[in-house]
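Structure, as structure tokens:
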Amino acid sequence: VQLQASGGGLVQAGGSLRLSCAASENINIIPITGWYRQIQGKQRELVALFSNLGSTEYADSVKGRFAISRDNAKNTVYLQMNVLKPEDTAVYYCYAYTTRGVVWGQGTLVTVSS
């Protein structure tokens, strides 16, 4: 499977962005999809995950502000990011845990200005 991320950009603090991750294959058969991010100078960290059983997991730092969802008909995973903070500035990576292993999409840069 290949993942194509989009939707990053520059936004002011308090604003919103929606990231999209389009998968090249049927997303229904991918056990887990989600998003990680890498803040400059730090390790890549989990942001949100969505399992094909319908459960979700979020990093504590984004709970209540970010929401992950999937559109199975479009084979796309979304990350709705609200009340963005400057500390959310990072490269966001789409992620899939498939039966054949882990797949990463290319990153999309999100910059939040204060």
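Labels used: A, B, ... for chains in the order of the structure tokens, numbers from 1 for residues in each chain, and numbers from 1 for ligands as shown.
Using only C-alpha atoms, the protein and nucleic acid residues lying no more than 12 Å from Ala13 (chain A), apart from those fewer than 2 places from it along its own chain, are Leu10, Val11, Gly15, Ser16, Leu17, Met81, Asn82, Val83, Leu84, Lys85, Pro86, Glu87, Asp88, Thr89, Val110, Thr111, Val112, Ser113 and Ser114 of chain A.
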Selected residues written out with all heavy atoms, as a short mmCIF file (atom, residue, chain, number, x, y, z; two decimals), in the first residue's frame:
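Generated output (again.cif):
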data_model
loop_
_atom_site.label_atom_id
_atom_site.label_comp_id
_atom_site.auth_asym_id
_atom_site.auth_seq_id
_atom_site.Cartn_x
_atom_site.Cartn_y
_atom_site.Cartn_z
N LEU A 10 0.30 26.74 6.72
CA LEU A 10 0.55 27.73 7.76
C LEU A 10 -0.78 28.22 8.31
O LEU A 10 -1.68 28.57 7.55
CB LEU A 10 1.34 28.90 7.18
CG LEU A 10 1.57 30.11 8.09
CD1 LEU A 10 2.43 29.72 9.29
CD2 LEU A 10 2.22 31.25 7.30
N VAL A 11 -0.89 28.22 9.63
CA VAL A 11 -2.13 28.66 10.27
C VAL A 11 -1.79 29.41 11.55
O VAL A 11 -0.75 29.14 12.17
CB VAL A 11 -3.04 27.44 10.56
CG1 VAL A 11 -2.40 26.49 11.56
CG2 VAL A 11 -4.42 27.87 11.02
N GLY A 15 -6.33 28.34 15.20
CA GLY A 15 -6.97 27.95 13.95
C GLY A 15 -7.09 26.45 13.78
O GLY A 15 -6.75 25.67 14.68
N SER A 16 -7.55 26.05 12.59
CA SER A 16 -7.79 24.64 12.29
C SER A 16 -7.20 24.25 10.95
O SER A 16 -7.06 25.09 10.04
CB SER A 16 -9.30 24.35 12.26
OG SER A 16 -9.91 24.61 13.50
N LEU A 17 -6.87 23.00 10.84
CA LEU A 17 -6.45 22.40 9.58
C LEU A 17 -6.97 20.97 9.53
O LEU A 17 -7.16 20.35 10.58
CB LEU A 17 -4.92 22.35 9.45
CG LEU A 17 -4.16 23.58 9.01
CD1 LEU A 17 -2.65 23.31 9.06
CD2 LEU A 17 -4.56 24.03 7.61
N MET A 81 -7.62 18.98 12.95
CA MET A 81 -6.85 19.61 14.02
C MET A 81 -7.46 20.97 14.33
O MET A 81 -7.50 21.85 13.46
CB MET A 81 -5.39 19.77 13.58
CG MET A 81 -4.75 18.47 13.12
SD MET A 81 -2.99 18.63 12.76
CE MET A 81 -3.04 19.70 11.34
N ASN A 82 -7.93 21.12 15.55
CA ASN A 82 -8.55 22.37 15.99
C ASN A 82 -7.75 22.98 17.14
O ASN A 82 -6.95 22.29 17.79
CB ASN A 82 -9.98 22.10 16.46
CG ASN A 82 -10.86 21.53 15.36
OD1 ASN A 82 -10.75 21.93 14.20
ND2 ASN A 82 -11.74 20.62 15.73
N VAL A 83 -8.00 24.23 17.38
CA VAL A 83 -7.32 24.97 18.46
C VAL A 83 -5.81 24.71 18.40
O VAL A 83 -5.18 24.31 19.38
CB VAL A 83 -7.89 24.60 19.85
CG1 VAL A 83 -7.45 25.64 20.89
CG2 VAL A 83 -9.40 24.51 19.82
N LEU A 84 -5.25 24.92 17.22
CA LEU A 84 -3.83 24.64 17.03
C LEU A 84 -2.96 25.57 17.84
O LEU A 84 -3.31 26.75 18.05
CB LEU A 84 -3.48 24.72 15.55
CG LEU A 84 -3.91 23.50 14.73
CD1 LEU A 84 -3.98 23.82 13.25
CD2 LEU A 84 -2.94 22.34 14.97
N LYS A 85 -1.85 25.01 18.30
CA LYS A 85 -0.90 25.76 19.12
C LYS A 85 0.45 25.78 18.42
O LYS A 85 0.75 24.88 17.62
CB LYS A 85 -0.74 25.07 20.48
CG LYS A 85 -2.03 24.88 21.26
CD LYS A 85 -1.77 24.10 22.54
CE LYS A 85 -3.06 23.88 23.32
NZ LYS A 85 -2.83 23.11 24.57
N PRO A 86 1.28 26.77 18.72
CA PRO A 86 2.61 26.79 18.10
C PRO A 86 3.39 25.49 18.32
O PRO A 86 4.15 25.07 17.44
CB PRO A 86 3.29 27.98 18.79
CG PRO A 86 2.15 28.90 19.12
CD PRO A 86 1.02 27.98 19.50
N GLU A 87 3.18 24.84 19.45
CA GLU A 87 3.89 23.59 19.73
C GLU A 87 3.39 22.41 18.89
O GLU A 87 3.96 21.33 18.95
CB GLU A 87 3.83 23.23 21.22
CG GLU A 87 2.44 23.25 21.83
CD GLU A 87 2.11 24.55 22.52
OE1 GLU A 87 2.43 25.64 21.97
OE2 GLU A 87 1.51 24.48 23.62
N ASP A 88 2.33 22.62 18.12
CA ASP A 88 1.88 21.60 17.18
C ASP A 88 2.65 21.67 15.86
O ASP A 88 2.47 20.81 14.99
CB ASP A 88 0.39 21.76 16.87
CG ASP A 88 -0.50 21.49 18.07
OD1 ASP A 88 -0.22 20.51 18.80
OD2 ASP A 88 -1.45 22.26 18.28
N THR A 89 3.49 22.68 15.72
CA THR A 89 4.30 22.82 14.51
C THR A 89 5.20 21.60 14.35
O THR A 89 5.98 21.26 15.24
CB THR A 89 5.15 24.09 14.57
OG1 THR A 89 4.28 25.23 14.56
CG2 THR A 89 6.11 24.17 13.39
N VAL A 110 3.11 21.23 8.97
CA VAL A 110 2.12 22.09 9.61
C VAL A 110 2.89 23.12 10.43
O VAL A 110 3.70 22.75 11.29
CB VAL A 110 1.18 21.28 10.51
CG1 VAL A 110 0.28 22.22 11.32
CG2 VAL A 110 0.34 20.33 9.68
N THR A 111 2.63 24.39 10.16
CA THR A 111 3.29 25.47 10.89
C THR A 111 2.22 26.32 11.55
O THR A 111 1.32 26.82 10.86
CB THR A 111 4.15 26.33 9.96
OG1 THR A 111 5.10 25.51 9.29
CG2 THR A 111 4.88 27.41 10.75
N VAL A 112 2.32 26.47 12.85
CA VAL A 112 1.35 27.26 13.60
C VAL A 112 2.06 28.49 14.14
O VAL A 112 3.00 28.38 14.94
CB VAL A 112 0.74 26.45 14.76
CG1 VAL A 112 -0.34 27.27 15.46
CG2 VAL A 112 0.17 25.14 14.25
N SER A 113 1.61 29.65 13.70
CA SER A 113 2.25 30.90 14.14
C SER A 113 1.54 31.44 15.38
O SER A 113 0.34 31.28 15.54
CB SER A 113 2.21 31.92 13.02
OG SER A 113 0.87 32.25 12.70
N SER A 114 2.33 32.12 16.20
CA SER A 114 1.76 32.65 17.44
C SER A 114 1.23 34.06 17.25
O SER A 114 1.45 34.69 16.23
CB SER A 114 2.80 32.63 18.55
OG SER A 114 3.94 33.34 18.15
#
Practice problem: Can you check which residues of chain A DSSP gives as strand (DSSP E) on the backbone and send them as an MDAnalysis selection string? | Solution: chainID A and resid 3:6 9:12 17:23 32:38 45:51 56:58 66:71 76:81 90:98 101:113
Practice problem: Write out as an NGL selection string which residues come within 12 Å of Gly101 (chain A) when counting only C-alpha atoms, dropping same-chain ones fewer than 5 positions away. | Solution: :A and (1 or 30-33 or 95-96)
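Going from CA of Thr56 (chain A) to CA of Gly14 (chain A) covers 23.6 Å.
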Quiz item: Of the residues A:Ile27, A:Ala22, A:Leu53, A:Val47, which is the one nearest to Phe66 (chain A), using only C-alpha atoms?
Solution: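 So, comparing all the options, the nearest one is A:Val47.
The coordinates place CA of Arg65 (chain A) at 15.8 Å from CA of Phe50 (chain A).
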Practice problem: Taking the DSSP assignment computed from this structure's backbone, write out as a list in words all residues of region 1-105 of chain A that belong to helix (DSSP H, G or I). | Solution: Ile27, Asn28, Ile29, Asn72, Ala73, Lys74, Pro86, Glu87 and Asp88 of chain A
Next, the residues of the selection above should be written as a PDB file, in the first residue's frame with N, CA, C and O atoms.
ATOM      1  N   ILE A  27      -8.785   0.477   2.337  1.00  0.00           N
ATOM      2  CA  ILE A  27      -8.411   0.820   3.703  1.00  0.00           C
ATOM      3  C   ILE A  27      -9.100  -0.068   4.725  1.00  0.00           C
ATOM      4  O   ILE A  27      -8.653  -0.173   5.870  1.00  0.00           O
ATOM      5  N   ASN A  28     -10.171  -0.729   4.324  1.00  0.00           N
ATOM      6  CA  ASN A  28     -10.910  -1.611   5.240  1.00  0.00           C
ATOM      7  C   ASN A  28     -10.060  -2.766   5.747  1.00  0.00           C
ATOM      8  O   ASN A  28     -10.302  -3.277   6.838  1.00  0.00           O
ATOM      9  N   ILE A  29      -9.066  -3.183   4.938  1.00  0.00           N
ATOM     10  CA  ILE A  29      -8.271  -4.338   5.339  1.00  0.00           C
ATOM     11  C   ILE A  29      -6.982  -3.940   6.045  1.00  0.00           C
ATOM     12  O   ILE A  29      -6.183  -4.799   6.400  1.00  0.00           O
ATOM     13  N   ASN A  72     -14.013   5.032   4.445  1.00  0.00           N
ATOM     14  CA  ASN A  72     -13.653   3.779   3.794  1.00  0.00           C
ATOM     15  C   ASN A  72     -13.946   3.811   2.295  1.00  0.00           C
ATOM     16  O   ASN A  72     -13.230   3.196   1.508  1.00  0.00           O
ATOM     17  N   ALA A  73     -14.980   4.530   1.901  1.00  0.00           N
ATOM     18  CA  ALA A  73     -15.328   4.594   0.473  1.00  0.00           C
ATOM     19  C   ALA A  73     -14.255   5.324  -0.331  1.00  0.00           C
ATOM     20  O   ALA A  73     -14.051   5.034  -1.506  1.00  0.00           O
ATOM     21  N   LYS A  74     -13.568   6.259   0.323  1.00  0.00           N
ATOM     22  CA  LYS A  74     -12.527   7.027  -0.359  1.00  0.00           C
ATOM     23  C   LYS A  74     -11.120   6.531  -0.019  1.00  0.00           C
ATOM     24  O   LYS A  74     -10.137   7.109  -0.476  1.00  0.00           O
ATOM     25  N   PRO A  86       1.276  26.768  18.717  1.00  0.00           N
ATOM     26  CA  PRO A  86       2.613  26.787  18.097  1.00  0.00           C
ATOM     27  C   PRO A  86       3.390  25.489  18.320  1.00  0.00           C
ATOM     28  O   PRO A  86       4.146  25.072  17.439  1.00  0.00           O
ATOM     29  N   GLU A  87       3.185  24.845  19.448  1.00  0.00           N
ATOM     30  CA  GLU A  87       3.886  23.591  19.728  1.00  0.00           C
ATOM     31  C   GLU A  87       3.390  22.413  18.894  1.00  0.00           C
ATOM     32  O   GLU A  87       3.961  21.329  18.951  1.00  0.00           O
ATOM     33  N   ASP A  88       2.333  22.618  18.119  1.00  0.00           N
ATOM     34  CA  ASP A  88       1.877  21.598  17.179  1.00  0.00           C
ATOM     35  C   ASP A  88       2.654  21.667  15.860  1.00  0.00           C
ATOM     36  O   ASP A  88       2.470  20.806  14.986  1.00  0.00           O
TER      37      ASP A  88
END
Practice problem: Write out as a PyMOL selection string the residues lying within 9 Å of Leu46 (chain A), counting only C-alpha atoms and excluding same-chain residues fewer than 2 positions away. | Solution: chain A and resi 34-38+44+48-49+58-59
Got time to write the residues from that selection, N, CA and C atoms, as an mmCIF file, in the first residue's frame?
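Written output follows (result_23.cif):
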data_model
loop_
_atom_site.group_PDB
_atom_site.id
_atom_site.type_symbol
_atom_site.label_atom_id
_atom_site.label_comp_id
_atom_site.auth_asym_id
_atom_site.auth_seq_id
_atom_site.Cartn_x
_atom_site.Cartn_y
_atom_site.Cartn_z
ATOM 1 N N GLY A 34 -3.119 5.907 10.862
ATOM 2 C CA GLY A 34 -3.035 7.037 11.767
ATOM 3 C C GLY A 34 -2.003 8.064 11.371
ATOM 4 N N TRP A 35 -1.641 8.859 12.348
ATOM 5 C CA TRP A 35 -0.726 9.983 12.134
ATOM 6 C C TRP A 35 0.313 10.036 13.247
ATOM 7 N N TYR A 36 1.524 10.311 12.821
ATOM 8 C CA TYR A 36 2.609 10.649 13.718
ATOM 9 C C TYR A 36 3.110 12.027 13.325
ATOM 10 N N ARG A 37 3.907 12.619 14.176
ATOM 11 C CA ARG A 37 4.531 13.894 13.828
ATOM 12 C C ARG A 37 5.950 13.944 14.363
ATOM 13 N N GLN A 38 6.727 14.769 13.699
ATOM 14 C CA GLN A 38 8.103 14.970 14.140
ATOM 15 C C GLN A 38 8.364 16.454 14.266
ATOM 16 N N ARG A 44 10.118 11.178 16.258
ATOM 17 C CA ARG A 44 8.751 11.059 15.756
ATOM 18 C C ARG A 44 7.854 10.535 16.872
ATOM 19 N N ALA A 48 -2.292 10.237 16.542
ATOM 20 C CA ALA A 48 -3.595 9.588 16.629
ATOM 21 C C ALA A 48 -3.586 8.321 15.782
ATOM 22 N N LEU A 49 -4.320 7.319 16.263
ATOM 23 C CA LEU A 49 -4.463 6.067 15.534
ATOM 24 C C LEU A 49 -5.936 5.683 15.443
ATOM 25 N N TYR A 58 -5.211 8.639 21.077
ATOM 26 C CA TYR A 58 -4.639 9.973 20.879
ATOM 27 C C TYR A 58 -3.505 10.227 21.863
ATOM 28 N N ALA A 59 -2.559 11.021 21.413
ATOM 29 C CA ALA A 59 -1.552 11.534 22.330
ATOM 30 C C ALA A 59 -2.231 12.479 23.321
#
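Between CA of Asn75 (chain A) and CA of Val103 (chain A) lies a distance of 14.8 Å.
Residues in contact range of Leu3 (chain A), defined as at most 10 Å between only C-alpha atoms, with sequence neighbours fewer than 6 positions away removed, read A:Ser20, A:Cys21, A:Ala22, A:Ala23, A:Ser24, A:Glu25, A:Asn75, A:Thr76, A:Val77, A:Tyr93, A:Cys94, A:Tyr95, A:Ala96, A:Val103, A:Trp104, A:Gly105, A:Gln106.
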Only N, CA, C and O atoms, please: the residues just picked out, written as an mmCIF file, in the first residue's frame.
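What ended up in out01.cif:
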data_model
loop_
_atom_site.group_PDB
_atom_site.id
_atom_site.type_symbol
_atom_site.label_atom_id
_atom_site.label_comp_id
_atom_site.auth_asym_id
_atom_site.auth_seq_id
_atom_site.Cartn_x
_atom_site.Cartn_y
_atom_site.Cartn_z
ATOM 1 N N SER A 20 -5.234 15.011 5.196
ATOM 2 C CA SER A 20 -5.810 13.849 4.525
ATOM 3 C C SER A 20 -4.695 12.877 4.170
ATOM 4 O O SER A 20 -3.580 13.294 3.840
ATOM 5 N N CYS A 21 -5.022 11.611 4.216
ATOM 6 C CA CYS A 21 -4.069 10.565 3.834
ATOM 7 C C CYS A 21 -4.812 9.571 2.957
ATOM 8 O O CYS A 21 -5.679 8.834 3.447
ATOM 9 N N ALA A 22 -4.493 9.576 1.680
ATOM 10 C CA ALA A 22 -5.155 8.691 0.730
ATOM 11 C C ALA A 22 -4.330 7.417 0.559
ATOM 12 O O ALA A 22 -3.129 7.495 0.259
ATOM 13 N N ALA A 23 -4.984 6.286 0.742
ATOM 14 C CA ALA A 23 -4.313 4.994 0.590
ATOM 15 C C ALA A 23 -4.566 4.435 -0.809
ATOM 16 O O ALA A 23 -5.631 4.660 -1.385
ATOM 17 N N SER A 24 -3.579 3.708 -1.318
ATOM 18 C CA SER A 24 -3.683 3.164 -2.675
ATOM 19 C C SER A 24 -4.477 1.855 -2.705
ATOM 20 O O SER A 24 -4.801 1.367 -3.789
ATOM 21 N N GLU A 25 -4.781 1.316 -1.523
ATOM 22 C CA GLU A 25 -5.525 0.073 -1.454
ATOM 23 C C GLU A 25 -6.726 0.201 -0.525
ATOM 24 O O GLU A 25 -6.866 1.202 0.177
ATOM 25 N N ASN A 75 -11.045 5.481 0.800
ATOM 26 C CA ASN A 75 -9.744 4.956 1.237
ATOM 27 C C ASN A 75 -8.869 6.069 1.809
ATOM 28 O O ASN A 75 -7.669 6.155 1.503
ATOM 29 N N THR A 76 -9.464 6.891 2.635
ATOM 30 C CA THR A 76 -8.769 8.076 3.139
ATOM 31 C C THR A 76 -8.929 8.192 4.654
ATOM 32 O O THR A 76 -10.008 7.944 5.193
ATOM 33 N N VAL A 77 -7.844 8.576 5.298
ATOM 34 C CA VAL A 77 -7.832 8.866 6.731
ATOM 35 C C VAL A 77 -7.654 10.368 6.901
ATOM 36 O O VAL A 77 -6.844 10.978 6.199
ATOM 37 N N TYR A 93 3.165 12.778 9.571
ATOM 38 C CA TYR A 93 3.314 11.613 8.718
ATOM 39 C C TYR A 93 2.113 10.688 8.853
ATOM 40 O O TYR A 93 1.687 10.350 9.962
ATOM 41 N N CYS A 94 1.628 10.287 7.708
ATOM 42 C CA CYS A 94 0.572 9.293 7.648
ATOM 43 C C CYS A 94 1.195 7.914 7.889
ATOM 44 O O CYS A 94 2.327 7.661 7.466
ATOM 45 N N TYR A 95 0.447 7.012 8.528
ATOM 46 C CA TYR A 95 0.990 5.724 8.979
ATOM 47 C C TYR A 95 -0.046 4.634 8.766
ATOM 48 O O TYR A 95 -1.247 4.862 8.939
ATOM 49 N N ALA A 96 0.440 3.463 8.392
ATOM 50 C CA ALA A 96 -0.448 2.307 8.289
ATOM 51 C C ALA A 96 0.269 1.069 8.806
ATOM 52 O O ALA A 96 1.425 0.820 8.431
ATOM 53 N N VAL A 103 3.845 0.970 6.975
ATOM 54 C CA VAL A 103 4.022 1.836 5.809
ATOM 55 C C VAL A 103 3.907 3.282 6.256
ATOM 56 O O VAL A 103 3.010 3.632 7.029
ATOM 57 N N TRP A 104 4.804 4.112 5.751
ATOM 58 C CA TRP A 104 4.767 5.545 6.037
ATOM 59 C C TRP A 104 4.476 6.314 4.764
ATOM 60 O O TRP A 104 4.999 5.977 3.692
ATOM 61 N N GLY A 105 3.678 7.360 4.885
ATOM 62 C CA GLY A 105 3.505 8.289 3.795
ATOM 63 C C GLY A 105 4.562 9.377 3.887
ATOM 64 O O GLY A 105 5.318 9.456 4.861
ATOM 65 N N GLN A 106 4.599 10.234 2.889
ATOM 66 C CA GLN A 106 5.533 11.359 2.968
ATOM 67 C C GLN A 106 4.979 12.353 3.974
ATOM 68 O O GLN A 106 3.797 12.346 4.285
#
